[in-house]
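File shown here: entry34.tsv, holding TSV, C-alpha atoms and all ligand atoms.
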chain	number	residue	atom	x	y	z
A	905	MET	CA	1.44	1.68	-29.66
A	906	THR	CA	-0.86	-0.94	-31.20
A	907	LYS	CA	1.53	-2.88	-33.45
A	908	PRO	CA	2.40	-6.38	-32.19
A	909	LEU	CA	5.82	-6.69	-30.57
A	910	THR	CA	8.81	-8.63	-31.78
A	911	PRO	CA	10.36	-11.01	-29.21
A	912	LYS	CA	13.27	-8.57	-28.98
A	913	GLN	CA	10.98	-5.68	-28.06
A	914	LEU	CA	9.17	-7.69	-25.37
A	915	ALA	CA	12.54	-8.88	-24.05
A	916	ARG	CA	13.67	-5.27	-23.68
A	917	ALA	CA	10.38	-4.24	-22.08
A	918	ILE	CA	10.70	-6.82	-19.32
A	919	ASP	CA	14.49	-7.01	-19.24
A	920	VAL	CA	14.98	-10.67	-20.10
A	921	SER	CA	16.90	-12.28	-22.95
A	922	GLU	CA	15.41	-12.47	-26.42
A	923	SER	CA	15.97	-16.23	-26.44
A	924	SER	CA	13.81	-16.61	-23.29
A	925	VAL	CA	10.94	-14.80	-24.98
A	926	LYS	CA	11.32	-16.93	-28.13
A	927	ARG	CA	11.27	-20.07	-26.00
A	928	TRP	CA	8.09	-18.96	-24.20
A	929	CYS	CA	6.54	-18.25	-27.62
A	930	ASP	CA	7.44	-21.70	-28.90
A	931	GLN	CA	6.23	-23.41	-25.71
A	932	GLY	CA	2.87	-21.64	-26.00
A	933	VAL	CA	3.38	-19.73	-22.74
A	934	ILE	CA	3.00	-16.58	-24.82
A	935	THR	CA	0.23	-16.81	-27.41
A	936	THR	CA	2.12	-15.85	-30.54
A	937	GLU	CA	1.10	-14.71	-34.01
A	938	TYR	CA	3.28	-15.23	-37.08
A	939	THR	CA	4.00	-12.91	-40.03
A	940	ALA	CA	3.70	-14.15	-43.60
A	941	GLY	CA	7.47	-14.69	-43.45
A	942	GLY	CA	7.13	-16.84	-40.30
A	943	HIS	CA	8.43	-14.29	-37.77
A	944	ARG	CA	7.02	-14.32	-34.22
A	945	ARG	CA	4.79	-11.40	-33.22
A	946	ILE	CA	3.19	-10.78	-29.81
A	947	PRO	CA	0.04	-8.65	-29.54
A	948	ILE	CA	0.31	-5.94	-26.85
A	949	SER	CA	-2.69	-7.37	-24.98
A	950	VAL	CA	-0.99	-10.78	-24.83
A	951	ALA	CA	2.23	-9.18	-23.61
A	952	ILE	CA	0.43	-7.31	-20.81
A	953	GLU	CA	-1.47	-10.42	-19.75
A	954	PHE	CA	1.79	-12.36	-19.70
A	955	VAL	CA	3.47	-9.71	-17.51
A	956	ARG	CA	0.59	-9.78	-15.01
A	957	ASN	CA	0.11	-13.56	-14.87
A	958	HIS	CA	3.79	-14.44	-14.65
A	959	ASN	CA	4.74	-11.75	-12.17
A	960	GLN	CA	7.24	-10.19	-14.54
A	961	THR	CA	8.52	-6.70	-13.86
A	962	ILE	CA	8.32	-4.03	-16.54
A	963	ALA	CA	11.68	-2.35	-16.96
A	964	ASN	CA	10.69	-0.23	-19.96
A	965	PRO	CA	6.93	0.36	-19.93
A	966	GLU	CA	7.12	2.76	-22.91
A	967	ILE	CA	7.82	-0.22	-25.21
A	968	LEU	CA	4.42	-1.70	-24.29
A	969	GLY	CA	2.78	1.66	-24.92
A	970	LEU	CA	2.16	2.04	-21.17
A	971	PRO	CA	2.68	5.28	-19.25
A	972	VAL	CA	6.27	5.66	-18.08
A	973	THR	CA	5.17	5.21	-14.48
A	974	SER	CA	3.78	1.69	-15.09
A	975	GLY	CA	5.53	-1.35	-13.72
A	976	LYS	CA	7.15	-2.56	-10.58
A	977	THR	CA	10.86	-1.94	-10.91
A	978	SER	CA	12.51	0.31	-8.38
A	979	ARG	CA	13.37	2.77	-11.14
A	980	VAL	CA	9.71	3.06	-12.07
A	981	THR	CA	8.69	3.26	-8.41
A	982	ARG	CA	11.17	6.05	-7.78
A	983	ARG	CA	9.97	7.98	-10.79
A	984	ALA	CA	6.34	7.53	-9.74
A	985	THR	CA	7.18	8.74	-6.22
A	986	GLN	CA	8.84	11.90	-7.54
A	987	GLN	CA	5.93	12.62	-9.84
A	988	LEU	CA	3.41	11.95	-7.08
A	989	THR	CA	5.21	14.33	-4.71
A	990	GLU	CA	5.15	17.03	-7.36
A	991	LYS	CA	1.45	16.56	-8.13
A	992	LEU	CA	0.43	16.31	-4.47
A	993	LEU	CA	2.24	19.56	-3.74
A	994	ALA	CA	0.66	21.15	-6.81
A	995	GLY	CA	-2.77	20.01	-5.57
A	996	GLU	CA	-3.66	18.08	-8.73
A	997	PRO	CA	-5.90	15.15	-7.74
A	998	ASP	CA	-6.46	13.85	-11.27
A	999	GLN	CA	-2.74	13.62	-11.98
A	1000	CYS	CA	-2.17	11.88	-8.65
A	1001	ARG	CA	-4.91	9.35	-9.46
A	1002	ARG	CA	-3.34	8.71	-12.86
A	1003	ILE	CA	0.08	7.99	-11.34
A	1004	LEU	CA	-1.37	5.69	-8.68
A	1005	TYR	CA	-3.79	3.87	-10.99
A	1006	ASP	CA	-1.00	3.28	-13.50
A	1007	LEU	CA	0.88	1.37	-10.81
A	1008	TYR	CA	-2.23	-0.44	-9.63
A	1009	LEU	CA	-3.23	-1.52	-13.13
A	1010	ALA	CA	0.33	-2.64	-13.80
A	1011	GLY	CA	-0.18	-5.18	-11.03
A	1012	GLN	CA	1.59	-3.50	-8.11
A	1013	SER	CA	-0.12	-4.47	-4.86
A	1014	ILE	CA	-1.99	-1.84	-2.89
A	1015	ALA	CA	0.27	-2.49	0.10
A	1016	SER	CA	3.42	-1.89	-1.90
A	1017	ILE	CA	1.99	1.27	-3.50
A	1018	CYS	CA	1.27	2.47	0.05
A	1019	ASP	CA	4.79	1.73	1.31
A	1020	GLN	CA	6.98	2.28	-1.72
A	1021	VAL	CA	5.25	5.21	-3.33
A	1022	MET	CA	2.76	7.04	-1.11
A	1023	ALA	CA	4.70	6.90	2.18
A	1024	ALA	CA	7.93	7.68	0.29
A	1025	SER	CA	6.23	10.66	-1.28
A	1026	PHE	CA	5.09	11.96	2.10
A	1027	ARG	CA	8.65	11.68	3.37
A	1028	GLU	CA	9.68	13.92	0.48
A	1029	ILE	CA	6.85	16.30	1.31
A	1030	GLY	CA	7.96	16.34	4.97
A	1031	ASP	CA	11.51	17.13	3.87
A	1032	ALA	CA	10.30	19.84	1.49
A	1033	TRP	CA	8.31	21.44	4.32
A	1034	GLU	CA	11.25	21.22	6.73
A	1035	CYS	CA	13.57	23.07	4.36
A	1036	GLY	CA	10.98	25.66	3.43
A	1037	ALA	CA	10.36	24.35	-0.10
A	1038	ALA	CA	6.71	23.56	0.61
A	1039	ASP	CA	4.04	25.37	2.57
A	1040	VAL	CA	1.88	23.77	5.25
A	1041	TYR	CA	-1.28	24.13	3.14
A	1042	GLN	CA	0.36	22.13	0.34
A	1043	GLU	CA	1.01	19.24	2.73
A	1044	ARG	CA	-2.61	19.40	3.90
A	1045	VAL	CA	-3.96	19.39	0.34
A	1046	GLY	CA	-1.69	16.42	-0.42
A	1047	CYS	CA	-3.16	14.56	2.57
A	1048	GLU	CA	-6.71	15.26	1.41
A	1049	ILE	CA	-5.98	14.00	-2.11
A	1050	THR	CA	-4.35	10.86	-0.72
A	1051	LEU	CA	-7.18	10.11	1.69
A	1052	ARG	CA	-9.72	10.55	-1.10
A	1053	PHE	CA	-7.80	8.13	-3.32
A	1054	LEU	CA	-7.56	5.50	-0.56
A	1055	ARG	CA	-11.31	5.80	0.05
A	1056	GLU	CA	-11.99	5.53	-3.66
A	1057	LEU	CA	-10.03	2.28	-3.87
A	1058	ARG	CA	-11.94	0.97	-0.86
A	1059	ALA	CA	-15.28	1.92	-2.41
A	1060	THR	CA	-14.42	-0.02	-5.58
A	1061	THR	CA	-13.37	-3.17	-3.66
A	1062	PRO	CA	-16.08	-5.84	-3.57
A	1063	PRO	CA	-17.39	-6.01	0.02
A	1064	PRO	CA	-16.44	-9.09	2.06
A	1065	PRO	CA	-19.21	-11.54	2.96
A	1066	LYS	CA	-21.04	-10.83	6.23
A	1067	SER	CA	-19.47	-13.98	7.69
A	1068	ALA	CA	-15.92	-12.66	7.12
A	1069	PRO	CA	-13.85	-12.15	10.27
A	1070	VAL	CA	-13.82	-8.68	11.76
A	1071	ALA	CA	-10.79	-6.38	12.00
A	1072	ILE	CA	-10.84	-3.06	13.83
A	1073	GLY	CA	-8.20	-0.43	14.38
A	1074	GLY	CA	-7.24	3.20	14.65
A	1075	THR	CA	-4.78	5.61	16.21
A	1076	PRO	CA	-4.37	6.36	19.95
A	1077	ALA	CA	-5.18	9.57	21.81
A	1078	GLY	CA	-3.22	12.56	20.51
A	1079	ASP	CA	-2.40	10.92	17.17
A	1080	TYR	CA	-4.10	12.64	14.22
A	1081	TYR	CA	-2.39	10.74	11.43
A	1082	GLN	CA	-5.13	9.51	9.10
A	1083	ILE	CA	-3.15	8.19	6.14
A	1084	PRO	CA	-1.41	5.14	7.66
A	1085	ALA	CA	-4.69	4.24	9.38
A	1086	ALA	CA	-6.60	4.47	6.09
A	1087	MET	CA	-3.94	2.28	4.46
A	1088	ALA	CA	-4.17	-0.43	7.13
A	1089	ASP	CA	-7.96	-0.48	6.84
A	1090	LEU	CA	-7.87	-0.61	3.02
A	1091	VAL	CA	-5.37	-3.46	2.86
A	1092	LEU	CA	-7.33	-5.59	5.35
A	1093	TYR	CA	-10.61	-4.84	3.58
A	1094	ASN	CA	-9.01	-5.77	0.29
A	1095	LEU	CA	-7.83	-9.08	1.78
A	1096	GLY	CA	-11.46	-9.89	2.59
A	1097	TRP	CA	-11.66	-8.84	6.22
A	1098	ASN	CA	-14.73	-7.11	7.54
A	1099	SER	CA	-12.61	-4.10	8.38
A	1100	VAL	CA	-14.02	-1.36	10.61
A	1101	PRO	CA	-11.85	1.76	10.77
A	1102	LEU	CA	-12.35	3.46	14.13
A	1103	GLY	CA	-10.65	6.71	13.17
A	1104	THR	CA	-7.94	8.69	14.93
A	1105	ASN	CA	-7.28	10.10	18.41
A	1106	LEU	CA	-8.82	7.23	20.40
A	1107	PRO	CA	-8.10	6.88	24.13
A	1108	PHE	CA	-7.37	3.28	25.13
A	1109	ALA	CA	-10.61	3.13	27.15
A	1110	THR	CA	-12.67	3.68	24.02
A	1111	LEU	CA	-10.53	1.24	22.02
A	1112	LYS	CA	-11.31	-1.35	24.68
A	1113	ALA	CA	-15.02	-0.51	24.44
A	1114	ALA	CA	-14.84	-1.04	20.67
A	1115	VAL	CA	-13.15	-4.42	21.17
A	1116	ASP	CA	-15.96	-5.46	23.53
A	1117	ASN	CA	-18.58	-4.30	21.06
A	1118	TYR	CA	-17.19	-5.68	17.77
A	1119	GLN	CA	-15.53	-8.83	19.18
A	1120	PRO	CA	-12.95	-8.64	16.38
A	1121	GLN	CA	-10.53	-11.39	15.39
A	1122	PHE	CA	-7.91	-8.81	14.47
A	1123	ILE	CA	-6.99	-5.48	16.04
A	1124	TRP	CA	-4.46	-3.02	14.65
A	1125	LEU	CA	-3.05	0.14	16.09
A	1126	SER	CA	-1.31	2.81	14.06
A	1127	VAL	CA	0.96	5.06	16.11
A	1128	SER	CA	2.69	7.97	14.41
A	1129	HIS	CA	2.74	10.35	17.37
A	1130	VAL	CA	2.56	9.88	21.13
A	1131	ALA	CA	1.81	12.80	23.37
A	1132	GLU	CA	3.42	11.39	26.50
A	1133	LYS	CA	5.76	8.45	26.03
A	1134	GLU	CA	5.70	6.84	29.50
A	1135	THR	CA	1.91	7.02	29.78
A	1136	PHE	CA	1.55	5.55	26.32
A	1137	GLU	CA	3.91	2.67	27.13
A	1138	VAL	CA	1.95	1.73	30.26
A	1139	GLU	CA	-1.48	2.05	28.64
A	1140	PHE	CA	-0.48	0.27	25.46
A	1141	LYS	CA	0.93	-2.74	27.35
A	1142	ALA	CA	-2.20	-2.93	29.51
A	1143	PHE	CA	-4.39	-2.76	26.40
A	1144	ALA	CA	-2.38	-5.48	24.66
A	1145	LYS	CA	-2.61	-7.69	27.74
A	1146	SER	CA	-6.38	-7.24	27.88
A	1147	ILE	CA	-6.84	-8.70	24.38
A	1148	LYS	CA	-7.73	-12.33	24.74
A	1149	ASP	CA	-9.43	-13.67	21.63
A	1150	ALA	CA	-7.89	-11.58	18.86
A	1151	LYS	CA	-4.57	-11.01	17.17
A	1152	LEU	CA	-3.02	-7.60	17.72
A	1153	ALA	CA	-0.76	-5.91	15.17
A	1154	PHE	CA	0.80	-2.51	15.65
A	1155	GLY	CA	2.97	-0.22	13.59
A	1156	GLY	CA	3.91	3.35	12.91
A	1157	ARG	CA	6.86	5.70	13.10
A	1158	ALA	CA	6.40	6.42	16.83
A	1159	PHE	CA	7.42	2.88	17.81
A	1160	ALA	CA	11.04	3.74	16.96
A	1161	ASP	CA	11.13	5.47	20.32
A	1162	ILE	CA	8.86	3.24	22.43
A	1163	ASN	CA	10.10	0.77	25.02
A	1164	LEU	CA	8.28	-2.51	24.43
A	1165	ASP	CA	9.88	-4.44	27.31
A	1166	GLY	CA	7.25	-6.50	29.06
A	1167	LEU	CA	4.78	-6.40	26.16
A	1168	GLU	CA	2.90	-9.68	26.48
A	1169	ASN	CA	0.91	-9.69	23.27
A	1170	GLY	CA	1.02	-8.22	19.78
A	1171	THR	CA	3.13	-8.21	16.63
A	1172	PHE	CA	5.02	-5.19	15.35
A	1173	CYS	CA	4.76	-4.61	11.59
A	1174	SER	CA	7.12	-2.05	10.13
A	1175	SER	CA	5.15	-1.58	6.93
A	1176	ILE	CA	1.76	-2.05	5.34
A	1177	GLU	CA	3.25	-4.88	3.27
A	1178	GLN	CA	4.19	-6.64	6.52
A	1179	LEU	CA	0.70	-6.12	7.85
A	1180	GLU	CA	-0.61	-7.79	4.70
A	1181	VAL	CA	1.70	-10.77	5.15
A	1182	PHE	CA	0.76	-11.09	8.82
A	1183	ALA	CA	-2.99	-10.80	8.21
A	1184	ASN	CA	-2.72	-13.34	5.39
A	1185	SER	CA	-0.91	-15.78	7.65
A	1186	LEU	CA	-3.98	-15.89	9.88
A	1187	HIS	CA	-5.83	-17.97	7.29
A	1188	LEU	CA	-8.92	-15.92	6.77
A	1189	HIS	CA	-11.17	-18.86	5.98
A	1190	ASN	CA	-10.44	-20.67	9.24
A	1191	LEU	CA	-11.51	-17.55	11.11
A	1192	SER	CA	-14.81	-16.97	9.29
A	1193	ASN	CA	-17.88	-17.05	11.51
B	1	LIG	C1	1.10	14.63	6.98
B	1	LIG	C2	1.89	14.91	8.24
B	1	LIG	C3	1.20	15.46	9.32
B	1	LIG	C4	-0.30	15.73	9.31
B	1	LIG	C5	-1.16	14.44	9.19
B	1	LIG	C6	-2.50	14.83	8.56
B	1	LIG	C7	-3.46	13.73	8.41
B	1	LIG	N1	-4.67	14.12	8.11
B	1	LIG	O1	-3.15	12.57	8.54
B	1	LIG	C8	-0.54	16.49	10.65
B	1	LIG	C9	-0.91	17.91	10.33
B	1	LIG	C10	-1.57	15.90	11.60
B	1	LIG	C11	0.84	16.44	11.29
B	1	LIG	C12	1.04	16.91	12.55
B	1	LIG	C13	2.23	16.88	13.24
B	1	LIG	N2	3.41	16.52	12.73
B	1	LIG	CO1	3.59	15.65	11.01
B	1	LIG	N3	3.98	14.95	9.34
B	1	LIG	C14	3.28	14.62	8.30
B	1	LIG	C15	4.14	14.02	7.18
B	1	LIG	C16	4.40	15.08	6.11
B	1	LIG	C17	3.58	12.76	6.53
B	1	LIG	C18	3.10	11.69	7.52
B	1	LIG	C19	2.30	10.61	6.83
B	1	LIG	O2	1.09	10.54	6.95
B	1	LIG	N4	2.99	9.78	6.05
B	1	LIG	C20	2.37	8.67	5.32
B	1	LIG	C21	2.47	7.39	6.13
B	1	LIG	C22	1.68	6.29	5.45
B	1	LIG	O3	3.84	6.99	6.16
B	1	LIG	P1	4.58	6.60	7.51
B	1	LIG	O4	4.15	7.45	8.63
B	1	LIG	O5	6.02	6.54	7.20
B	1	LIG	O6	4.02	5.13	7.83
B	1	LIG	C23	4.61	3.96	7.29
B	1	LIG	C24	5.16	3.05	8.36
B	1	LIG	O7	5.48	3.73	9.57
B	1	LIG	C25	4.14	1.99	8.54
B	1	LIG	N5	2.99	2.22	9.42
B	1	LIG	C26	2.50	3.37	9.89
B	1	LIG	N6	1.42	3.15	10.64
B	1	LIG	C27	1.20	1.83	10.65
B	1	LIG	C28	0.22	1.07	11.26
B	1	LIG	C29	0.22	-0.32	11.10
B	1	LIG	C30	-0.86	-1.13	11.76
B	1	LIG	C31	1.23	-0.91	10.32
B	1	LIG	C32	1.25	-2.36	10.14
B	1	LIG	C33	2.21	-0.15	9.68
B	1	LIG	C34	2.19	1.23	9.87
B	1	LIG	O8	3.61	1.84	7.23
B	1	LIG	C35	3.48	3.14	6.64
B	1	LIG	C36	3.60	3.02	5.14
B	1	LIG	O9	4.85	2.52	4.74
B	1	LIG	C37	5.43	13.64	7.98
B	1	LIG	C38	6.72	13.62	7.13
B	1	LIG	C39	7.38	12.27	7.11
B	1	LIG	N7	8.68	12.26	6.96
B	1	LIG	O10	6.74	11.25	7.20
B	1	LIG	C40	5.43	14.70	9.09
B	1	LIG	C41	6.10	14.41	10.45
B	1	LIG	C42	5.85	12.97	10.84
B	1	LIG	N8	5.43	15.30	11.38
B	1	LIG	C43	6.20	15.76	12.25
B	1	LIG	C44	5.78	16.59	13.32
B	1	LIG	C45	6.88	17.20	14.18
B	1	LIG	C46	4.43	16.85	13.56
B	1	LIG	C47	3.83	17.62	14.76
B	1	LIG	C48	4.43	17.26	16.12
B	1	LIG	C49	3.98	19.12	14.41
B	1	LIG	C50	3.51	20.05	15.52
B	1	LIG	N9	4.49	20.67	16.12
B	1	LIG	O11	2.34	20.13	15.78
B	1	LIG	C51	2.34	17.27	14.69
B	1	LIG	C52	1.90	16.10	15.60
B	1	LIG	C53	0.49	15.69	15.28
B	1	LIG	C54	-0.21	14.74	16.16
B	1	LIG	N10	-0.42	15.09	17.41
B	1	LIG	O12	-0.62	13.68	15.70
B	1	LIG	C55	7.63	15.30	12.06
B	1	LIG	C56	8.05	14.24	13.10
B	1	LIG	C57	9.45	14.43	13.56
B	1	LIG	C58	9.83	13.39	14.57
B	1	LIG	N11	11.07	13.01	14.51
B	1	LIG	O13	9.05	12.91	15.32
B	1	LIG	C59	7.62	14.85	10.60
B	1	LIG	C60	8.62	13.69	10.26
B	1	LIG	C61	7.90	16.06	9.68
B	1	LIG	C62	9.33	16.55	9.77
B	1	LIG	N12	10.10	16.35	8.73
B	1	LIG	O14	9.75	17.10	10.75
B	1	LIG	N13	1.75	15.90	10.51

Here is a file; write its structure as structure tokens.
Ligand code: B12
Amino acid sequence: MTKPLTPKQLARAIDVSESSVKRWCDQGVITTEYTAGGHRRIPISVAIEFVRNHNQTIANPEILGLPVTSGKTSRVTRRATQQLTEKLLAGEPDQCRRILYDLYLAGQSIASICDQVMAASFREIGDAWECGAADVYQERVGCEITLRFLRELRATTPPPPKSAPVAIGGTPAGDYYQIPAAMADLVLYNLGWNSVPLGTNLPFATLKAAVDNYQPQFIWLSVSHVAEKETFEVEFKAFAKSIKDAKLAFGGRAFADINLDGLENGTFCSSIEQLEVFANSLHLHNLSN
């Protein structure tokens, strides 16, 4: 769709009243064109810029000529999740990229795409596998596509300055879950941290060695699976206690079952969006070397 929108059309696209849109037009908040008869018209490009700059949500992306998956409403997010699950299971990387880029270009944050769409999609994939509706290889292909997309986003993010504070993190011994770890790394890198992903399956001794080597200001641990609960609890608490000059954040599904009594250091984040909020609260610029 290339024709300029009427105020009524834009109002429907973003689910506000027509009179609000007319007021924004008249106040100059929306750069408006006028027909020969004096009617307000809003070019699509202006409408899209307005949505992005004023944090509006798109209820009906089709009206703006955007793909149906664009926007930030829960309806759109749900639809994108379903489509992503389907395309991940079908092993179609280009379709997956399209769905995810549509959300990204519509202004949805990387962290919320990770939590609301990608993680939700993997829950659906897990359910599909559990009830026999998906084969193991399909789940694996879906993981590969997802990891490639996360790395692609990272590669297109401008690198932080060398003086930026350092963040390191990974998953503990016996935990092979790459996706949440790749998400944590990407979000920190995108926030301007000098993020060093350490990978998966790291015994605490080697995590400690990495801390000594990198001297990070931020350490994160992603824990989706623990091999032996009691051992993990002891080692994790000792590791957290050993961290002196850095903030520690930890998250992951396995913590639902972990006893954190006596933990002396560290902040639990239940989602990648929470990690983003926490990392942001550390005031990046005050930490720069
Ligand atoms: C993909 C997958 C795997 C893959 C991972 C491949 C890879 N390269 O990463 C592999 C093959 C390794 C795997 C193996 C296993 N899996 Co598995 N797996 C899954 C699946 C389908 C998706 C997991 C995933 O990556 N999700 C995407 C992430 C991003 O979402 P998330 O985990 O919910 O994380 C969110 C939050 O927890 C939080 N978060 C997570 N980490 C962190 C870290 C930080 C710092 C922060 C701030 C936040 C945060 O933010 C994330 C985004 O919102 C799930 C299904 C499901 N329901 O999730 C099963 C699932 C987790 N697996 C399961 C099982 C049983 C296993 C195995 C034990 C199977 C076996 N018998 O061998 C092994 C254990 C592996 C191991 N030792 O690590 C079960 C767990 C059941 C349970 N109650 O514990 C599930 C739920 C499947 C099921 N329906 O039964 N698995």

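Nearest residue to A:Val955, choosing from A:Gly1036, A:Gly1011, A:Gly1170, A:Gly941 and counting only C-alpha atoms: A:Gly1011.
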
Check your understanding: Rounded to one decimal in Å, what is the spacing between atom CA of A:Phe1026 and atom C32 of ligand LIG 1 (chain B)?
Key -> 16.9 Å

Stretch 917-1023 of chain A near stretch 1053-1071 of chain A within 9 Å: what's each residue's closest atom pair and its distance in Å to one decimal, counting all atoms listed in the file, ordered by chain then ascending residue number, as a tab-separated table?
residue	atom	partner	partner_atom	distance
A:Pro997	CA	A:Phe1053	CA	8.5
A:Cys1000	CA	A:Phe1053	CA	8.6
A:Arg1001	CA	A:Phe1053	CA	6.9
A:Leu1004	CA	A:Phe1053	CA	8.7

Check your understanding: Which residues sit within 8 Å of ligand LIG 1 (chain B), counting only C-alpha atoms and all ligand atoms, listed as a PyMOL selection string?
Key -> chain A and resi 1018-1020+1022-1031+1033-1034+1043-1044+1047-1048+1051+1073+1078-1085+1087-1088+1124-1131+1153-1158+1172-1180

Review point. Do you know which residues are at most 9 Å from A:Gly995 counting all atoms listed in the file, after dropping those on the same chain fewer than 2 positions away, and could you put them as a PyMOL selection string?
Key: chain A and resi 990-993+997+1000+1042+1045-1046+1049

Exercise for review: Find, counting only C-alpha atoms, the residue in A:Thr989, A:Gln1121, A:Gln999, A:Ser1013 that gets nearest to A:Arg956.
Suggested key: A:Ser1013

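Between A:Ile1162 and the residues A:Lys1141, A:Lys1148, A:Lys1133, A:Lys912, the shortest atom-to-atom distance, using only C-alpha atoms, involves A:Lys1133.
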
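Distance check against A:Gly969 using all atoms listed in the file: of A:Ser949, A:Thr935, A:Gln986, A:Ser1185, the minimum falls on A:Ser949.
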
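Neighbours of A:Pro911 closer than or equal to 7 Å, with only C-alpha atoms counted and sequence neighbours fewer than 6 positions away skipped, come out as Glu922, Val925, Lys926, Arg944 and Arg945 of chain A.
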
Point to revise | Spatial neighbours of A:His958, max dist 12 Å, only C-alpha atoms, sep filter under 4 positions, as a list in words | key: Ile918, Trp928, Val933, Ile934, Val950, Ala951, Ile952, Glu953, Phe954, Ile962 and Gly1011 of chain A

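Across the structure, atom CA of A:Leu1186 and atom CA of A:Ala1150 are spaced 10.7 Å apart.
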
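When atom CA of A:Glu1137 is paired with atom CA of A:Val1115, their separation reads 19.4 Å.
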
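Using all atoms listed in the file, the smallest distance between any of A:Tyr938, A:Tyr1041, A:Tyr1005, A:Trp1097 and A:Pro908 comes from A:Tyr938.
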
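For the set A:Arg1052, A:Phe1108, A:Phe1136, A:Ala1183, the residue with the smallest atom-to-atom gap to A:Phe1122 is A:Ala1183, counting only C-alpha atoms.
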
Around all the atoms of stretch 1006-1010 of chain A listed in the file, draw an axis-aligned box and extend it by 8 Å on each of the six sides; I want its centre and edge lengths in Å to one decimal, as lines of an AutoDock Vina configuration file.
center_x = -1.2
center_y = 0.3
center_z = -11.7
size_x = 20.1
size_y = 21.9
size_z = 20.2
